[in-house]
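Q: One structure follows; several queries about it will come next.
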Amino acid sequence: MPVREIAGVHVDFDDEGFMTNPDQWTEEIAKALAEEEGISELTEGHWKVINFIRNDYKEKGQPPTIRRMNKVGGIATKDLYDWFPQGPAKKAAKIAGLGKPQGCV
Amino acid sequence: MKKILILGAGTAGTIMANKLHQVLPHDEWQVTIVDQNETHIYQPGLLFIPFNIYTCNDVIKPKRDFIPQEVELIMSGIDVIEPEKNRVKLANNQVLSYDYLIIATGSHLAPDETEGLLGDGWNKNIFEFYTLEGACNLQKFLKHWSGGKMVLNIVEMPIKCPVAPLEFLFLADWWFTEQGIRDKVDLTFVTPLPGAFTKPKAASILGDFLDKKNIHLVTEFNTGSVDSSANKIVSFDGKEVEYDLLITIPTNMGDAVIERSGLGDELNFVPTHKHTLQSKAYENVYVIGDATDLPSSKAGSVAHFQADVLIENIQRAIDGLPLVEEFDGHANCFIESGFGKGLLIDFNYDVEPLPGKFPLPGIGPFSLLQETKANHWGKMMFRWIYWNLLLRGSELPIQAQMNMAGKTK
Ligand SMILES: Cc1cc2nc3c(=O)[nH]c(=O)nc-3n(C[C@H](O)[C@H](O)[C@H](O)COP(=O)(O)OP(=O)(O)OC[C@H]3O[C@@H](n4cnc5c(N)ncnc54)[C@H](O)[C@@H]3O)c2cc1C
């Protein structure tokens, strides 16, 4: 599994650039990952999403769906797409230091 | 008499009724089970109906046939659960009190959650196969369909039997070939997930499976609406996919009784302890099968493995012992892959589907993550096992917990 230096620290990633150990995550890493995804600045809205995703992951053991971000996190689906264009579920999970949303196989 | 009440006589509820009947003294415990429908549907068989492999009658039997005599079976809707008062109100106005409650109300389709899905095209060129009615309607439609663009769309996750959509596509590829019209049918899979196979091992072994079958793939598509007049599905970010025939897997939700009772999450699934199956909110309420909010697959095999743990825990609760944390998310699913072949996957919360042999290490007869004829026969045998062993709570030669023996990393 590739280890890469980001935001000045060594972090474990999978082959598709998702962090494999959520405990290594810091806000600095999030900023650097966001930049790699073409998001130059993380606004208040972005942080709301990232914090919700991380807290929900701790509770549920998997990244939340778009419906859950909406119904439980209070994040409008339109905002989500504005803040994390093209595949918000995947992109936001990546920046929040979690794995890719997965099916069972 | 003390009372155990089971809500829902589907796969999970029926297994639990049988197991409780086997282990509890009949002069001390009254087991009651409630369901709104007289008919038990073998849901894994729904997959085969559109392609005429099963008839609509092949998948149904009376629920009563699978509930032991001494277990009280009440046919009624369930109105509301009042866990503070340890009682449940039924649609027929009966009020049932309980010492322990088992929620097994499953999950159902909610097409009304998607704008336009129930519009003009519904049952004309938009079909689903997750209900008996839907599968039978689709069978009639496909009989006379001459080809075009068939799109299979998963509206959102989670869905029950998450591999059924892939199986449907593989069978469609086979069926249209048999009908001699495969060259006139364009098959496209539209999924909210980042791929058809998302787990690393499965993705590396089965990555080219769709290509080989000439099935097109659209990923990360979160369906926002369906436009029946223009025959297209539209994602939240404005991407469009056109269809002539739309096979939809609508949003799956827990029953409305869960919402009415204030017991559910955003999809009416009940928050449940991952390893014990106790509900998070109430000590004497347990949850099993598709009704839970657990990240395990919503599948009959999972309900069966859960039942092995739950029957232990109910007895422990009765005896005042701590619960065992033994449910590991184990799932075991045959995947029909068309042309008389199938795949098999066996996995749990922590271990992704891996290649190997099952259930006997090195011997099989089934092969994991590999396409074989034996796996297809396993899938077809499952119906017999389901009616005759699984529902009746008999021991199957497979352990509740996943086993690493026979698997290769
Ligand atoms: C197309 C398809 C293919 C599948 N293939 C497979 C497969 O190959 N292998 C596999 O293992 N699984 C498969 N499954 C999944 C499997 O069928 C389900 O996971 C399983 O049936 C879940 O059992 P359950 O008891 O939780 O829910 P169900 O069996 O759905 O039972 C729920 C019961 O609760 C009752 N109920 C709900 N609400 C109320 C209410 N308010 N009042 C009264 N009664 C109520 C319902 O009437 C129903 O009888 C498939 C499912 C589908 C749809």
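Identifiers in the structure tokens: chain A, B, ... in order shown; residue index from 1 per chain; ligand index from 1 in order shown.
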Taking 2 positions as the minimum chain separation for residues in the same chain, which residues sit within 6 Å of region 94-102 of chain A when counting only C-alpha atoms? Answer as a short mmCIF file (atom, residue, chain, number, x, y, z; two decimals) with all heavy atoms, in the first residue's frame.
A:
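Generated file (part-v4.cif):
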data_model
loop_
_atom_site.label_atom_id
_atom_site.label_comp_id
_atom_site.auth_asym_id
_atom_site.auth_seq_id
_atom_site.Cartn_x
_atom_site.Cartn_y
_atom_site.Cartn_z
N PHE A 18 -7.30 7.01 -1.90
CA PHE A 18 -8.12 7.16 -0.69
C PHE A 18 -7.28 6.77 0.52
O PHE A 18 -6.54 5.79 0.48
CB PHE A 18 -9.36 6.26 -0.74
CG PHE A 18 -10.38 6.73 -1.73
CD1 PHE A 18 -10.28 6.40 -3.07
CD2 PHE A 18 -11.45 7.52 -1.32
CE1 PHE A 18 -11.22 6.85 -3.99
CE2 PHE A 18 -12.40 7.96 -2.24
CZ PHE A 18 -12.29 7.63 -3.57
N MET A 19 -7.40 7.54 1.59
CA MET A 19 -6.66 7.19 2.81
C MET A 19 -7.16 5.87 3.36
O MET A 19 -8.35 5.59 3.32
CB MET A 19 -6.82 8.30 3.87
CG MET A 19 -5.99 9.55 3.56
SD MET A 19 -6.29 10.87 4.76
CE MET A 19 -5.77 10.08 6.29
N PRO A 22 -8.24 6.29 8.74
CA PRO A 22 -8.90 7.57 9.04
C PRO A 22 -8.27 8.30 10.24
O PRO A 22 -8.40 9.51 10.35
CB PRO A 22 -10.34 7.17 9.37
CG PRO A 22 -10.50 5.75 8.97
CD PRO A 22 -9.14 5.14 8.82
N TRP A 25 -5.81 11.25 9.64
CA TRP A 25 -6.35 12.46 9.02
C TRP A 25 -6.18 13.69 9.92
O TRP A 25 -6.33 13.60 11.15
CB TRP A 25 -7.83 12.23 8.74
CG TRP A 25 -8.56 13.34 8.06
CD1 TRP A 25 -8.68 13.53 6.71
CD2 TRP A 25 -9.29 14.40 8.67
NE1 TRP A 25 -9.44 14.64 6.45
CE2 TRP A 25 -9.84 15.20 7.64
CE3 TRP A 25 -9.54 14.77 10.00
CZ2 TRP A 25 -10.61 16.32 7.88
CZ3 TRP A 25 -10.31 15.90 10.24
CH2 TRP A 25 -10.84 16.67 9.19
N ALA A 30 -6.67 17.45 4.90
CA ALA A 30 -7.90 17.70 4.15
C ALA A 30 -7.70 18.83 3.15
O ALA A 30 -8.09 18.73 1.98
CB ALA A 30 -9.04 18.03 5.11
N LEU A 33 -5.58 17.55 0.29
CA LEU A 33 -6.33 16.62 -0.57
C LEU A 33 -7.34 17.39 -1.42
O LEU A 33 -7.54 17.09 -2.60
CB LEU A 33 -7.06 15.57 0.28
CG LEU A 33 -6.19 14.47 0.89
CD1 LEU A 33 -7.03 13.63 1.86
CD2 LEU A 33 -5.60 13.57 -0.18
N ALA A 34 -7.98 18.39 -0.81
CA ALA A 34 -8.97 19.19 -1.54
C ALA A 34 -8.31 19.87 -2.73
O ALA A 34 -8.85 19.88 -3.84
CB ALA A 34 -9.60 20.22 -0.60
N ILE A 50 -17.56 17.86 5.64
CA ILE A 50 -16.45 16.98 6.07
C ILE A 50 -16.67 16.53 7.52
O ILE A 50 -16.52 15.34 7.84
CB ILE A 50 -15.10 17.72 5.93
CG1 ILE A 50 -14.81 17.97 4.45
CG2 ILE A 50 -13.97 16.94 6.58
CD1 ILE A 50 -13.66 18.93 4.19
N LYS A 90 -18.14 10.51 -3.33
CA LYS A 90 -16.79 9.98 -3.42
C LYS A 90 -15.76 11.04 -3.07
O LYS A 90 -14.84 10.81 -2.28
CB LYS A 90 -16.58 9.47 -4.84
CG LYS A 90 -15.24 8.83 -5.09
CD LYS A 90 -15.27 8.13 -6.43
CE LYS A 90 -13.95 8.27 -7.15
NZ LYS A 90 -14.00 7.70 -8.49
N LYS A 91 -15.94 12.23 -3.63
CA LYS A 91 -14.97 13.29 -3.44
C LYS A 91 -14.90 13.74 -1.98
O LYS A 91 -13.82 13.90 -1.40
CB LYS A 91 -15.32 14.48 -4.34
CG LYS A 91 -14.12 15.29 -4.75
CD LYS A 91 -14.50 16.31 -5.79
CE LYS A 91 -14.05 15.90 -7.17
NZ LYS A 91 -14.19 17.00 -8.14
N ALA A 92 -16.07 13.91 -1.37
CA ALA A 92 -16.10 14.38 0.01
C ALA A 92 -15.51 13.31 0.94
O ALA A 92 -14.79 13.61 1.89
CB ALA A 92 -17.54 14.73 0.42
N THR B 198 -16.67 -2.95 -6.62
CA THR B 198 -15.96 -1.89 -5.90
C THR B 198 -14.94 -2.43 -4.91
O THR B 198 -14.06 -1.71 -4.48
CB THR B 198 -16.95 -0.98 -5.13
OG1 THR B 198 -17.80 -1.81 -4.34
CG2 THR B 198 -17.79 -0.16 -6.10
#
Q: Taking only C-alpha atoms into account and nothing else, which residues of chain A lie no more than 7 Å away from chain B? Please answer as a PyMOL selection string.
A: chain A and resi 68+71-72+81+87+101-105
Q: Residues within 9 Å of Ile103 (chain B), please, as number ranges by chain. Count only C-alpha atoms; anything in the same chain fewer than 2 positions from it doesn't count.
A: B: 5-8, 13, 101, 105-106, 270, 285-289, 291-292
Q: To one decimal in Å, tell me the separation between CA of Asp227 (chain B) and atom 15 (C, counted along the ligand's line) of ligand 1.
A: 29.1 Å
Q: Considering only C-alpha atoms and all ligand atoms, can you say which of B:Pro397, B:Gly340, B:Gly254, B:Gly121 comes closest to ligand 1?
A: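 So, comparing all the options, the nearest one is B:Gly254.
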Q: Just list as a ChimeraX atom specification whatever in chain A DSSP marks as alpha helix (DSSP H).
A: /A:27-36,44-60,66-71,77-83,88-95
Q: Would you list the contacts of Glu371 (chain B) as a list in words, taking every protein, DNA or RNA residue within 8 Å and counting only C-alpha atoms, but skipping same-chain residues closer than 2 positions in sequence?
A: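 Close residues of Glu371 (chain B): Ser337, Lys341, Gly342, Leu343, Ser367, Leu369, Lys373 and Asn375 of chain B.
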Q: Take the residues from that selection and write them out as a PDB file, in the first residue's frame, keeping N, CA and C atoms.
A:
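Resulting contents of selection_14.pdb:
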ATOM      1  N   SER B 337     -24.696 -15.739 -13.343  1.00  0.00           N
ATOM      2  CA  SER B 337     -23.964 -14.930 -14.321  1.00  0.00           C
ATOM      3  C   SER B 337     -24.369 -15.229 -15.765  1.00  0.00           C
ATOM      4  N   LYS B 341     -24.205 -20.486 -15.730  1.00  0.00           N
ATOM      5  CA  LYS B 341     -23.090 -20.390 -14.801  1.00  0.00           C
ATOM      6  C   LYS B 341     -23.394 -19.396 -13.677  1.00  0.00           C
ATOM      7  N   GLY B 342     -22.546 -19.481 -12.643  1.00  0.00           N
ATOM      8  CA  GLY B 342     -22.731 -18.560 -11.537  1.00  0.00           C
ATOM      9  C   GLY B 342     -21.429 -18.312 -10.801  1.00  0.00           C
ATOM     10  N   LEU B 343     -21.462 -17.294  -9.944  1.00  0.00           N
ATOM     11  CA  LEU B 343     -20.333 -16.977  -9.073  1.00  0.00           C
ATOM     12  C   LEU B 343     -20.810 -17.154  -7.646  1.00  0.00           C
ATOM     13  N   SER B 367     -17.008 -22.620  -6.043  1.00  0.00           N
ATOM     14  CA  SER B 367     -15.794 -21.821  -6.210  1.00  0.00           C
ATOM     15  C   SER B 367     -16.121 -20.364  -5.947  1.00  0.00           C
ATOM     16  N   LEU B 369     -15.697 -16.367  -6.183  1.00  0.00           N
ATOM     17  CA  LEU B 369     -15.277 -15.345  -7.160  1.00  0.00           C
ATOM     18  C   LEU B 369     -14.854 -15.948  -8.495  1.00  0.00           C
ATOM     19  N   LYS B 373     -20.283 -23.848 -13.402  1.00  0.00           N
ATOM     20  CA  LYS B 373     -21.618 -24.449 -13.518  1.00  0.00           C
ATOM     21  C   LYS B 373     -22.150 -24.842 -12.143  1.00  0.00           C
ATOM     22  N   ASN B 375     -21.744 -23.426  -9.312  1.00  0.00           N
ATOM     23  CA  ASN B 375     -22.312 -22.273  -8.605  1.00  0.00           C
ATOM     24  C   ASN B 375     -23.738 -21.985  -9.082  1.00  0.00           C
TER      25      ASN B 375
END
Q: Just the residues within 6 Å of region 15-29 of chain B, please, counting only C-alpha atoms, with nothing from its chain fewer than 2 positions along; format it as a ChimeraX atom specification.
A: /B:1-3,12-13,391-393
Q: Could the residues in this selection be written to a file with N, CA and C atoms, as a PDB file, in the first residue's frame?
A:
ATOM      1  N   MET B   1     -47.980 -16.547  31.577  1.00  0.00           N
ATOM      2  CA  MET B   1     -47.120 -16.789  30.406  1.00  0.00           C
ATOM      3  C   MET B   1     -46.344 -15.529  30.043  1.00  0.00           C
ATOM      4  N   LYS B   2     -45.060 -15.735  29.735  1.00  0.00           N
ATOM      5  CA  LYS B   2     -44.294 -14.600  29.217  1.00  0.00           C
ATOM      6  C   LYS B   2     -44.401 -14.591  27.693  1.00  0.00           C
ATOM      7  N   LYS B   3     -44.155 -13.399  27.148  1.00  0.00           N
ATOM      8  CA  LYS B   3     -44.460 -13.245  25.713  1.00  0.00           C
ATOM      9  C   LYS B   3     -43.298 -12.719  24.889  1.00  0.00           C
ATOM     10  N   ALA B  12     -36.732 -13.557   7.922  1.00  0.00           N
ATOM     11  CA  ALA B  12     -36.126 -13.495   9.256  1.00  0.00           C
ATOM     12  C   ALA B  12     -37.125 -13.843  10.357  1.00  0.00           C
ATOM     13  N   GLY B  13     -38.337 -13.283  10.286  1.00  0.00           N
ATOM     14  CA  GLY B  13     -39.343 -13.533  11.315  1.00  0.00           C
ATOM     15  C   GLY B  13     -39.721 -15.007  11.374  1.00  0.00           C
ATOM     16  N   LEU B 391     -36.102 -21.651   6.258  1.00  0.00           N
ATOM     17  CA  LEU B 391     -37.246 -21.042   6.944  1.00  0.00           C
ATOM     18  C   LEU B 391     -37.622 -21.803   8.200  1.00  0.00           C
ATOM     19  N   ARG B 392     -37.421 -23.104   8.184  1.00  0.00           N
ATOM     20  CA  ARG B 392     -37.825 -23.924   9.330  1.00  0.00           C
ATOM     21  C   ARG B 392     -36.809 -23.898  10.456  1.00  0.00           C
ATOM     22  N   GLY B 393     -35.772 -23.092  10.268  1.00  0.00           N
ATOM     23  CA  GLY B 393     -34.796 -22.921  11.341  1.00  0.00           C
ATOM     24  C   GLY B 393     -33.923 -24.142  11.563  1.00  0.00           C
TER      25      GLY B 393
END
Q: Name the residues of region 245-303 of chain B that fall into strand (DSSP E) according to DSSP on the backbone, using the chain letters and numbers of this document, as a ChimeraX atom specification.
A: /B:245-249,252-254,285-287
Q: Excluding same-chain residues fewer than 3 positions from Asn268 (chain B), what lies within 7 Å of it counting only C-alpha atoms, as number ranges by chain?
A: B: 253-256, 258-259, 264-265
Q: Could you give me, as a PyMOL selection string, the residues within 10 Å of Asn313 (chain B), counting only C-alpha atoms and dropping anything in the same chain fewer than 5 positions from it?
A: chain B and resi 276-278+286+307-308+318-319+321-326
